[in-house]
>>> print(open('structure_31.tsv').read())   # TSV, C-alpha atoms
chain	number	residue	atom	x	y	z
A	21	MET	CA	106.44	-34.87	53.87
A	22	SER	CA	104.23	-37.94	53.52
A	23	VAL	CA	103.57	-39.27	50.03
A	24	ILE	CA	101.46	-42.06	48.61
A	25	GLY	CA	103.63	-44.83	47.27
A	26	LEU	CA	103.13	-46.85	44.16
A	27	GLY	CA	102.71	-50.60	43.98
A	28	MET	CA	100.73	-53.11	46.01
A	29	PRO	CA	98.98	-51.69	49.08
A	30	THR	CA	100.40	-52.64	52.46
A	31	ALA	CA	96.96	-53.09	54.02
A	32	PRO	CA	93.39	-53.55	52.80
A	33	PRO	CA	91.73	-50.22	52.01
A	34	PRO	CA	89.25	-48.99	54.62
A	35	VAL	CA	85.54	-49.62	54.15
A	36	LEU	CA	82.61	-47.98	55.87
A	37	ALA	CA	81.26	-51.20	57.40
A	38	PRO	CA	82.04	-54.91	57.37
A	39	ARG	CA	80.01	-57.10	55.05
A	40	ARG	CA	76.81	-58.57	56.45
A	41	LYS	CA	77.41	-62.29	57.03
A	42	THR	CA	75.50	-64.44	54.56
A	43	ARG	CA	75.42	-68.01	53.36
A	44	GLN	CA	77.61	-68.72	50.34
A	45	ILE	CA	76.33	-69.88	46.96
A	46	GLN	CA	77.85	-70.42	43.54
A	47	VAL	CA	76.72	-68.86	40.28
A	48	GLY	CA	78.86	-71.00	38.03
A	49	LYS	CA	82.47	-70.10	38.78
A	50	VAL	CA	81.50	-66.94	40.67
A	51	GLY	CA	81.05	-67.21	44.43
A	52	VAL	CA	78.28	-65.07	45.87
A	53	GLY	CA	78.01	-64.18	49.54
A	54	SER	CA	79.97	-62.40	52.23
A	55	ASP	CA	83.09	-64.54	51.72
A	56	HIS	CA	83.38	-63.30	48.14
A	57	GLN	CA	83.79	-59.90	46.50
A	58	ILE	CA	80.61	-58.17	45.39
A	59	SER	CA	79.91	-59.14	41.80
A	60	VAL	CA	78.65	-56.91	39.00
A	61	GLN	CA	75.89	-58.15	36.74
A	62	SER	CA	74.20	-56.91	33.59
A	63	MET	CA	71.68	-58.22	31.08
A	64	THR	CA	71.90	-58.67	27.34
A	65	THR	CA	69.62	-56.63	25.10
A	66	THR	CA	69.82	-58.98	22.13
A	67	LEU	CA	67.25	-61.52	21.07
A	68	THR	CA	68.48	-64.55	23.00
A	69	ALA	CA	67.58	-66.86	20.13
A	70	ASP	CA	70.17	-64.97	18.04
A	71	VAL	CA	73.07	-66.88	19.55
A	72	ASN	CA	75.87	-65.09	17.73
A	73	SER	CA	74.64	-61.61	18.63
A	74	THR	CA	74.04	-62.64	22.22
A	75	LEU	CA	77.50	-64.16	22.61
A	76	GLN	CA	79.05	-61.07	21.01
A	77	GLN	CA	77.35	-58.83	23.54
A	78	ILE	CA	78.38	-61.14	26.38
A	79	ALA	CA	81.98	-60.87	25.15
A	80	GLU	CA	81.71	-57.06	25.24
A	81	LEU	CA	80.30	-57.19	28.77
A	82	THR	CA	83.06	-59.55	29.85
A	83	ALA	CA	85.70	-57.18	28.48
A	84	ALA	CA	84.10	-54.32	30.43
A	85	GLY	CA	84.46	-56.25	33.69
A	86	CYS	CA	81.03	-57.88	34.04
A	87	ASP	CA	81.07	-60.93	36.35
A	88	ILE	CA	77.67	-62.49	35.62
A	89	VAL	CA	75.26	-61.98	32.72
A	90	ARG	CA	71.50	-62.50	32.53
A	91	VAL	CA	69.67	-63.39	29.33
A	92	ALA	CA	65.93	-63.22	28.71
A	93	CYS	CA	64.04	-66.42	27.94
A	94	PRO	CA	60.45	-65.56	27.00
A	95	SER	CA	60.03	-68.10	24.16
A	96	GLN	CA	60.81	-71.65	23.09
A	97	ASP	CA	63.35	-70.37	20.56
A	98	ASP	CA	65.17	-68.59	23.36
A	99	ALA	CA	65.11	-71.70	25.53
A	100	GLU	CA	66.60	-73.76	22.71
A	101	ALA	CA	69.46	-71.27	22.38
A	102	LEU	CA	70.45	-71.50	26.04
A	103	PRO	CA	72.70	-74.59	25.87
A	104	GLU	CA	75.01	-73.05	23.28
A	105	ILE	CA	75.07	-69.69	25.03
A	106	ALA	CA	75.81	-71.25	28.42
A	107	GLN	CA	78.57	-73.38	26.92
A	108	HIS	CA	80.37	-70.59	25.08
A	109	SER	CA	79.90	-67.63	27.42
A	110	GLN	CA	83.08	-66.54	29.18
A	111	ILE	CA	81.10	-65.63	32.32
A	112	PRO	CA	78.23	-67.41	34.13
A	113	VAL	CA	74.83	-67.10	32.46
A	114	ILE	CA	71.58	-66.58	34.35
A	115	ALA	CA	68.35	-67.35	32.51
A	116	ASP	CA	65.62	-64.79	33.21
A	117	ILE	CA	62.26	-66.56	33.46
A	118	HIS	CA	58.77	-65.10	33.64
A	119	PHE	CA	55.26	-66.50	33.08
A	120	GLN	CA	56.15	-69.99	31.81
A	121	PRO	CA	57.49	-72.43	34.43
A	122	LYS	CA	58.60	-74.89	31.74
A	123	TYR	CA	61.43	-72.53	30.84
A	124	VAL	CA	62.81	-72.80	34.38
A	125	PHE	CA	63.42	-76.50	33.80
A	126	ALA	CA	64.71	-75.84	30.28
A	127	ALA	CA	67.28	-73.38	31.62
A	128	ILE	CA	68.44	-75.82	34.28
A	129	ASP	CA	68.76	-78.61	31.69
A	130	ALA	CA	70.65	-76.22	29.39
A	131	GLY	CA	73.44	-75.84	31.92
A	132	CYS	CA	72.80	-72.23	32.89
A	133	ALA	CA	74.71	-71.24	36.01
A	134	ALA	CA	71.56	-69.87	37.62
A	135	VAL	CA	67.92	-69.13	36.96
A	136	ARG	CA	66.09	-65.96	37.96
A	137	VAL	CA	62.47	-66.72	38.83
A	138	ASN	CA	59.77	-64.12	39.35
A	139	PRO	CA	57.26	-65.54	41.84
A	140	GLY	CA	54.81	-62.75	41.06
A	141	ASN	CA	54.11	-63.79	37.48
A	142	ILE	CA	55.04	-67.45	36.96
A	143	LYS	CA	51.92	-69.55	36.73
A	144	LYS	CA	51.31	-71.68	39.84
A	145	PHE	CA	54.92	-71.07	40.89
A	146	ASP	CA	54.52	-72.15	44.52
A	147	ASP	CA	53.09	-75.51	43.43
A	148	GLN	CA	56.26	-76.32	41.48
A	149	ILE	CA	58.98	-75.28	43.90
A	150	LYS	CA	59.64	-78.87	45.02
A	151	GLU	CA	60.33	-79.94	41.43
A	152	ILE	CA	62.37	-76.81	40.67
A	153	ALA	CA	64.45	-77.30	43.82
A	154	ARG	CA	65.14	-80.94	42.99
A	155	ALA	CA	66.14	-80.19	39.39
A	156	ALA	CA	68.37	-77.26	40.41
A	157	LYS	CA	70.06	-79.26	43.16
A	158	ASP	CA	70.73	-82.19	40.82
A	159	ARG	CA	72.44	-79.88	38.28
A	160	GLY	CA	74.22	-77.58	40.73
A	161	THR	CA	72.18	-74.62	39.52
A	162	SER	CA	71.51	-71.72	41.87
A	163	ILE	CA	68.33	-69.66	41.90
A	164	ARG	CA	67.56	-65.97	42.26
A	165	ILE	CA	64.18	-65.20	43.78
A	166	GLY	CA	63.53	-61.93	41.99
A	167	VAL	CA	60.66	-59.97	43.52
A	168	ASN	CA	59.80	-56.85	41.55
A	169	ALA	CA	57.48	-53.97	42.40
A	170	GLY	CA	56.06	-54.00	38.87
A	171	SER	CA	55.03	-57.65	38.97
A	172	LEU	CA	54.17	-58.27	42.60
A	173	ASP	CA	51.73	-61.06	43.43
A	174	LYS	CA	48.16	-59.74	43.22
A	175	ARG	CA	47.35	-61.10	46.68
A	176	LEU	CA	50.03	-58.91	48.22
A	177	LEU	CA	48.96	-55.87	46.22
A	178	GLU	CA	45.46	-56.33	47.61
A	179	LYS	CA	46.80	-56.73	51.14
A	180	TYR	CA	49.12	-53.71	51.16
A	181	GLY	CA	47.48	-51.51	48.51
A	182	LYS	CA	50.74	-51.06	46.61
A	183	ALA	CA	54.29	-52.39	46.39
A	184	THR	CA	55.48	-51.29	49.82
A	185	PRO	CA	58.78	-52.47	51.33
A	186	GLU	CA	56.81	-54.79	53.58
A	187	ALA	CA	54.95	-56.30	50.61
A	188	LEU	CA	58.15	-56.95	48.68
A	189	VAL	CA	59.79	-58.56	51.69
A	190	GLU	CA	56.78	-60.71	52.54
A	191	SER	CA	56.82	-62.13	49.02
A	192	ALA	CA	60.54	-62.85	49.15
A	193	VAL	CA	60.53	-64.43	52.60
A	194	TRP	CA	57.57	-66.65	51.72
A	195	GLU	CA	59.25	-67.97	48.59
A	196	ALA	CA	62.52	-68.48	50.45
A	197	SER	CA	60.74	-70.53	53.09
A	198	LEU	CA	59.25	-72.80	50.42
A	199	PHE	CA	62.64	-73.52	48.88
A	200	GLU	CA	64.14	-74.15	52.31
A	201	GLU	CA	61.24	-76.41	53.21
A	202	HIS	CA	62.40	-78.66	50.37
A	203	GLY	CA	66.02	-78.58	51.51
A	204	PHE	CA	67.23	-76.08	48.89
A	205	GLN	CA	69.36	-73.16	50.06
A	206	ASP	CA	71.40	-72.24	46.98
A	207	PHE	CA	69.53	-69.05	46.24
A	208	LYS	CA	69.88	-65.31	46.53
A	209	ILE	CA	67.09	-62.75	46.72
A	210	SER	CA	66.29	-59.38	45.20
A	211	VAL	CA	63.45	-57.00	46.09
A	212	LYS	CA	63.59	-54.32	43.43
A	213	HIS	CA	61.68	-51.05	43.22
A	214	ASN	CA	62.10	-47.95	41.06
A	215	ASP	CA	62.12	-45.65	44.09
A	216	PRO	CA	65.49	-45.75	45.88
A	217	VAL	CA	63.91	-44.95	49.25
A	218	VAL	CA	61.44	-47.84	49.02
A	219	MET	CA	64.12	-50.13	47.65
A	220	VAL	CA	66.60	-49.35	50.44
A	221	ARG	CA	63.99	-49.92	53.14
A	222	ALA	CA	62.96	-53.23	51.57
A	223	TYR	CA	66.53	-54.53	51.60
A	224	GLU	CA	67.04	-53.32	55.18
A	225	LEU	CA	63.98	-55.30	56.27
A	226	LEU	CA	64.99	-58.34	54.27
A	227	ALA	CA	68.54	-58.33	55.69
A	228	GLU	CA	67.07	-58.53	59.20
A	229	GLN	CA	65.10	-61.69	58.47
A	230	GLY	CA	67.67	-64.14	57.13
A	231	ASP	CA	71.22	-64.78	56.02
A	232	TRP	CA	70.39	-65.01	52.33
A	233	PRO	CA	72.83	-63.34	49.90
A	234	LEU	CA	71.17	-60.31	48.34
A	235	HIS	CA	71.23	-59.01	44.79
A	236	LEU	CA	70.77	-55.22	44.71
A	237	GLY	CA	68.93	-53.35	42.01
A	238	VAL	CA	66.86	-50.22	41.45
A	239	THR	CA	64.53	-51.46	38.75
A	240	GLU	CA	63.57	-49.23	35.82
A	241	ALA	CA	66.04	-46.66	37.12
A	242	GLY	CA	65.78	-44.60	33.95
A	243	PRO	CA	68.10	-42.99	31.37
A	244	ALA	CA	71.83	-43.04	31.99
A	245	PHE	CA	72.17	-39.88	34.09
A	246	GLN	CA	69.07	-40.36	36.24
A	247	GLY	CA	69.60	-44.10	36.57
A	248	THR	CA	73.20	-43.66	37.62
A	249	ILE	CA	72.24	-41.20	40.36
A	250	LYS	CA	69.38	-43.35	41.65
A	251	SER	CA	71.47	-46.52	41.64
A	252	ALA	CA	74.51	-44.90	43.24
A	253	THR	CA	72.32	-43.38	45.95
A	254	ALA	CA	70.53	-46.63	46.79
A	255	PHE	CA	73.57	-48.90	46.48
A	256	GLY	CA	75.71	-46.50	48.49
A	257	ALA	CA	73.17	-46.44	51.32
A	258	LEU	CA	73.13	-50.25	51.51
A	259	LEU	CA	76.71	-51.17	50.63
A	260	SER	CA	78.05	-48.63	53.12
A	261	ARG	CA	76.29	-50.69	55.80
A	262	GLY	CA	77.57	-54.01	54.44
A	263	ILE	CA	74.30	-55.03	52.75
A	264	GLY	CA	74.56	-56.46	49.25
A	265	ASP	CA	76.41	-59.31	47.54
A	266	THR	CA	75.76	-58.70	43.84
A	267	ILE	CA	74.56	-55.59	42.00
A	268	ARG	CA	73.01	-54.66	38.69
A	269	VAL	CA	72.69	-51.04	37.60
A	270	SER	CA	69.56	-50.89	35.43
A	271	LEU	CA	69.93	-48.15	32.82
A	272	SER	CA	68.13	-47.22	29.63
A	273	ALA	CA	71.55	-47.38	28.00
A	274	PRO	CA	73.88	-49.99	26.47
A	275	PRO	CA	74.57	-52.74	29.02
A	276	VAL	CA	78.31	-52.03	29.01
A	277	GLU	CA	77.46	-48.66	30.58
A	278	GLU	CA	75.68	-50.50	33.40
A	279	VAL	CA	78.87	-52.42	34.13
A	280	LYS	CA	81.03	-49.29	34.11
A	281	VAL	CA	78.73	-47.55	36.58
A	282	GLY	CA	78.50	-50.62	38.81
A	283	LEU	CA	82.25	-51.05	38.97
A	284	GLN	CA	82.76	-47.37	39.69
A	285	ILE	CA	80.28	-47.49	42.57
A	286	LEU	CA	82.14	-50.43	44.11
A	287	GLN	CA	85.53	-48.80	43.56
A	288	SER	CA	84.35	-45.56	45.16
A	289	LEU	CA	83.45	-47.50	48.33
A	290	ASN	CA	86.74	-49.48	48.31
A	291	LEU	CA	84.75	-52.65	47.62
A	292	ARG	CA	86.69	-53.24	44.40
A	293	GLU	CA	90.23	-52.44	43.38
A	294	ARG	CA	90.53	-48.80	42.39
A	295	LYS	CA	92.09	-48.74	38.96
A	296	LEU	CA	92.57	-45.48	37.10
A	297	GLU	CA	91.12	-42.63	39.16
A	298	ILE	CA	91.03	-39.08	37.90
A	299	VAL	CA	90.82	-36.35	40.54
A	300	SER	CA	90.03	-33.01	38.92
A	301	CYS	CA	88.80	-29.53	39.82
A	302	PRO	CA	85.11	-28.64	39.74
A	303	SER	CA	83.92	-25.44	38.08
A	304	CYS	CA	85.64	-22.60	39.88
A	305	GLY	CA	86.50	-18.97	39.18
A	306	ARG	CA	90.01	-19.54	40.52
A	307	ALA	CA	90.99	-21.88	37.67
A	308	GLN	CA	93.64	-20.38	35.42
A	309	VAL	CA	93.57	-23.11	32.78
A	310	ASP	CA	90.87	-25.02	30.90
A	311	VAL	CA	90.47	-27.80	33.48
A	312	TYR	CA	87.45	-29.34	31.74
A	313	THR	CA	89.38	-29.98	28.55
A	314	LEU	CA	92.52	-31.12	30.37
A	315	ALA	CA	90.62	-33.67	32.47
A	316	GLU	CA	88.68	-35.00	29.47
A	317	GLN	CA	91.80	-35.36	27.35
A	318	VAL	CA	93.79	-37.09	30.08
A	319	THR	CA	90.87	-39.46	30.77
A	320	ALA	CA	90.59	-40.31	27.08
A	321	GLY	CA	94.33	-40.80	26.74
A	322	LEU	CA	94.46	-43.25	29.66
A	323	GLU	CA	91.27	-45.16	28.88
A	324	GLY	CA	91.67	-48.87	29.50
A	325	MET	CA	94.52	-48.54	31.99
A	326	GLU	CA	94.30	-51.49	34.38
A	327	VAL	CA	96.80	-50.55	37.08
A	328	PRO	CA	95.59	-48.74	40.21
A	329	LEU	CA	96.70	-45.19	39.54
A	330	ARG	CA	95.40	-41.86	40.86
A	331	VAL	CA	95.95	-38.89	38.58
A	332	ALA	CA	95.19	-35.35	39.75
A	333	VAL	CA	94.41	-32.59	37.27
A	334	MET	CA	94.24	-29.31	39.16
A	335	GLY	CA	93.75	-25.80	37.86
A	336	CYS	CA	94.65	-23.29	40.57
A	337	VAL	CA	97.17	-22.58	43.32
A	338	VAL	CA	94.74	-23.04	46.23
A	339	ASN	CA	94.19	-26.81	46.24
A	340	GLY	CA	96.24	-27.74	43.20
A	341	PRO	CA	99.70	-28.34	44.68
A	342	GLY	CA	98.32	-30.27	47.66
A	343	GLU	CA	96.09	-32.55	45.56
A	344	ALA	CA	98.79	-33.10	42.95
A	345	ARG	CA	101.33	-33.91	45.63
A	346	GLU	CA	99.07	-36.52	47.27
A	347	ALA	CA	98.31	-38.30	43.99
A	348	ASP	CA	100.62	-40.76	42.29
A	349	LEU	CA	100.76	-38.41	39.34
A	350	GLY	CA	99.39	-34.91	39.11
A	351	VAL	CA	99.57	-31.43	37.69
A	352	ALA	CA	99.04	-28.11	39.44
A	353	SER	CA	98.26	-25.59	36.71
A	354	GLY	CA	98.30	-21.83	36.52
A	355	ASN	CA	99.51	-18.88	34.46
A	356	GLY	CA	99.73	-20.98	31.29
A	357	LYS	CA	101.92	-23.71	32.70
A	358	GLY	CA	101.77	-26.75	34.90
A	359	GLN	CA	103.93	-28.31	37.58
A	360	ILE	CA	104.09	-32.09	37.13
A	361	PHE	CA	104.22	-34.14	40.33
A	362	VAL	CA	105.26	-37.80	40.59
A	363	LYS	CA	105.12	-39.48	44.00
A	364	GLY	CA	104.78	-36.10	45.67
A	365	GLU	CA	107.77	-34.46	44.03
A	366	VAL	CA	107.84	-31.86	41.24
A	367	ILE	CA	109.71	-33.40	38.32
A	368	LYS	CA	109.22	-30.65	35.76
A	369	THR	CA	107.23	-27.60	34.74
A	370	VAL	CA	105.72	-27.58	31.26
A	371	PRO	CA	103.66	-25.16	29.14
A	372	GLU	CA	99.88	-25.63	29.26
A	373	SER	CA	99.97	-26.98	25.71
A	374	GLN	CA	102.17	-29.90	26.88
A	375	ILE	CA	100.35	-30.84	30.11
A	376	VAL	CA	98.18	-33.59	28.64
A	377	GLU	CA	101.01	-35.15	26.63
A	378	THR	CA	103.32	-35.10	29.64
A	379	LEU	CA	100.78	-36.61	32.03
A	380	ILE	CA	99.98	-39.44	29.64
A	381	GLU	CA	103.68	-40.18	29.07
A	382	GLU	CA	104.38	-40.26	32.81
A	383	ALA	CA	101.30	-42.38	33.54
A	384	LEU	CA	102.33	-44.95	30.94
A	385	ARG	CA	105.86	-44.97	32.31
A	386	ILE	CA	104.57	-45.62	35.82
A	387	ALA	CA	102.15	-48.28	34.59
A	388	GLU	CA	104.93	-50.19	32.85
A	389	SER	CA	106.69	-50.69	36.17
A	390	MET	CA	103.58	-52.01	37.90
A	391	GLU	CA	101.45	-55.13	37.98
A	392	PRO	CA	97.65	-54.77	38.22
A	393	ALA	CA	96.88	-55.09	41.92
A	394	GLU	CA	94.01	-56.73	43.79
A	395	GLY	CA	93.49	-53.83	46.17
A	396	ALA	CA	93.47	-50.08	46.03
A	397	GLY	CA	96.75	-48.64	44.87
A	398	PRO	CA	98.32	-45.67	43.15
A	399	SER	CA	96.17	-42.90	41.85
A	400	VAL	CA	96.37	-40.01	39.44
A	401	THR	CA	94.75	-36.65	40.16
A	402	VAL	CA	94.01	-34.02	37.52
A	403	SER	CA	92.99	-30.55	38.64
>>> encode(input="structure_31.tsv", output="C-alpha cells")
Amino acid sequence: MSVIGLGMPTAPPPVLAPRRKTRQIQVGKVGVGSDHQISVQSMTTTLTADVNSTLQQIAELTAAGCDIVRVACPSQDDAEALPEIAQHSQIPVIADIHFQPKYVFAAIDAGCAAVRVNPGNIKKFDDQIKEIARAAKDRGTSIRIGVNAGSLDKRLLEKYGKATPEALVESAVWEASLFEEHGFQDFKISVKHNDPVVMVRAYELLAEQGDWPLHLGVTEAGPAFQGTIKSATAFGALLSRGIGDTIRVSLSAPPVEEVKVGLQILQSLNLRERKLEIVSCPSCGRAQVDVYTLAEQVTAGLEGMEVPLRVAVMGCVVNGPGEAREADLGVASGNGKGQIFVKGEVIKTVPESQIVETLIEEALRIAESMEPAEGAGPSVTVS
C-alpha cells in the first residue's frame, strides 16, 4: 500500500505549465519575474497620512503572508507620510499615484520600493516619462504601469468604443515603449478589467508582445464571495498557462482576506507551498456524521498552522477510508464513530464526540516533529 510521507518533499510539486519567461525586476527586497515565486499583494484601506494606522494594517497584512503592499497617495499629506511608512514597513511599499504627477517624484524621493502609475489619468503623463525614468533609475525604484478599464485614456476609448482587451494592451505597450525608449526597463505591467473574460484575453495578448513581468488583477471584483470566484477563475486561467508574476485579489472586504484568497489560489496550483489543507466531504446523503461541523471545528482548531499538512475529514464509508488513508492525517466517520488514520494506517477508533479533539491532538503532534517546508508537503483530509 502506498502512503504519502511526512516531511520535506523529494521533488518539486507538479504544475500545469512552466512559467512564462520574463525579465527580472526588484520591488524592494522582493524579486519579481519568472526567476522568482509569484508574489501576493494587497492595498491598505487606511488614510495614508495616518501613519500609525497605516503601519498597523501593513503589519497585519505582513502577518497574513502579504509580500508587497500598496498605499494610496492622492494628497500632499499622504505624500509627506510616505518616507516614514516606507522606512518602517516590514514589506516593500508601492505608492499608488493618480492624477498628480508630482506625487510620482515624491514617492520616489520618499524611498518607496515602487510606484504604480496610471497612464490613463495622470496629467500629461507621456511628456514626463523621461524625468520619471531618470528619477526611478537613480533611486533603484521600480514602476508598475497600471492600465485600468475604468480609467482608460480617452483617445483609446474613442478608438475602440470601450475598454476592450486590445485597447488595454495598446495603452500598456505604448507606455512600455516610452520607458524603454529612455533606457528604463525596471517595470511590470497590469491591464485590469472587472470582467474575467476580458481581463484574461488582455493578459494573453500582452504576454505575446513582450517579456515584461505581469501583475494580475480583476479590478472591482466585488464582495468577498463574488470577488473570490471571479479572481480565482481569471487567475487560474492565466497562472495555469504560466502567465503572471504578481497577483492582487481585489475584494470589497478587509485586505487581509485578499491575501488569504491570493495565497490559497497559488497553493491550489502548486505555485506556493501548501500549508494546512483540509479535505472534507461535500453535502451528501451518504454522510453518517455532521461533516460540516467537524470540518469547521478542525479548521478552527488548526488555524495558523504553518507546516504543510493535509487533513481529511470524511463522513461515509464510500470515499472516506481511501481519502483518509491518502492524507497525512484523516478520519473516516460512520455510525457514530471515526477511524483515525496517520500516514495511511489506522491508529485508533474514537466516538464521534472525540473526533475533533483527537484530530487536533494528532495534527499538533505531527507538526511538532516537522519544520515548515518550502514546497508542498504533508496534508490533512477531513471527510
>>> residues_around(input="structure_31.tsv", residues="Thr65 of chain A", least_positions_apart="2", cutoff="12 Å", atoms="only C-alpha atoms", output="number ranges by chain")
A: 62-63, 67-70, 73-78, 81, 89-93, 270-276, 278
>>> residues_near_point(input="structure_31.tsv", point="(86.1, -49.6, 52.7)", cutoff="8 Å", atoms="all atoms listed in the file", output="PyMOL selection string")
chain A and resi 33-37+289-291
>>> closest_residue(input="structure_31.tsv", among="A:Ser260, A:Ser389, A:Ser109, A:Thr248", to="Lys49 of chain A", atoms="all atoms listed in the file")
A:Ser109
>>> closest_residue(input="structure_31.tsv", among="A:Ser162, A:Thr64, A:Gln246, A:Ser54", to="Phe204 of chain A", atoms="only C-alpha atoms")
A:Ser162
>>> closest_residue(input="structure_31.tsv", among="A:Val71, A:Ala183, A:Val269, A:Ala83", to="Gln107 of chain A", atoms="all atoms listed in the file")
A:Val71
>>> atom_distance(input="structure_31.tsv", atom1="atom CA of Thr313 of chain A", atom2="atom CA of Arg292 of chain A")
28.3 Å
>>> residues_around(input="structure_31.tsv", residues="segment 282-286 of chain A", least_positions_apart="4", cutoff="12 Å", atoms="all atoms listed in the file", output="PyMOL selection string")
chain A and resi 35+57-62+84-87+236-238+247-260+262+264-271+275-278+290-298+396
>>> atom_distance(input="structure_31.tsv", atom1="atom CA of Ile117 of chain A", atom2="atom CA of Arg136 of chain A")
5.9 Å
>>> closest_residue(input="structure_31.tsv", among="A:Leu226, A:Met334, A:Met325, A:Leu314", to="Glu377 of chain A", atoms="only C-alpha atoms")
A:Leu314
>>> closest_residue(input="structure_31.tsv", among="A:Lys122, A:Arg330, A:Lys182, A:Lys208", to="Thr161 of chain A", atoms="all atoms listed in the file")
A:Lys208
>>> atom_distance(input="structure_31.tsv", atom1="atom CA of Asn141 of chain A", atom2="atom CA of Ala241 of chain A")
20.9 Å
>>> closest_residue(input="structure_31.tsv", among="A:Thr82, A:Ser373, A:Asn138, A:Gln205", to="Val279 of chain A", atoms="all atoms listed in the file")
A:Thr82
>>> residues_around(input="structure_31.tsv", residues="Phe119 of chain A", least_positions_apart="4", cutoff="10 Å", atoms="all atoms listed in the file", output="PyMOL selection string")
chain A and resi 94+123-124+137-145
>>> residues_near_point(input="structure_31.tsv", point="(63.2, -52.1, 52.3)", cutoff="12 Å", atoms="only C-alpha atoms", output="MDAnalysis selection string")
chainID A and resid 169 183:190 192 210:213 215:229 236:238 254 257:258 263
>>> residues_around(input="structure_31.tsv", residues="Glu200 of chain A", least_positions_apart="3", cutoff="12 Å", atoms="only C-alpha atoms", output="list in words")
Ile149, Lys150, Ala153, Arg154, Val193, Trp194, Glu195, Ala196, Ser197, Gly203, Phe204, Gln205, Asp206, Phe207, Gly230 and Trp232 of chain A
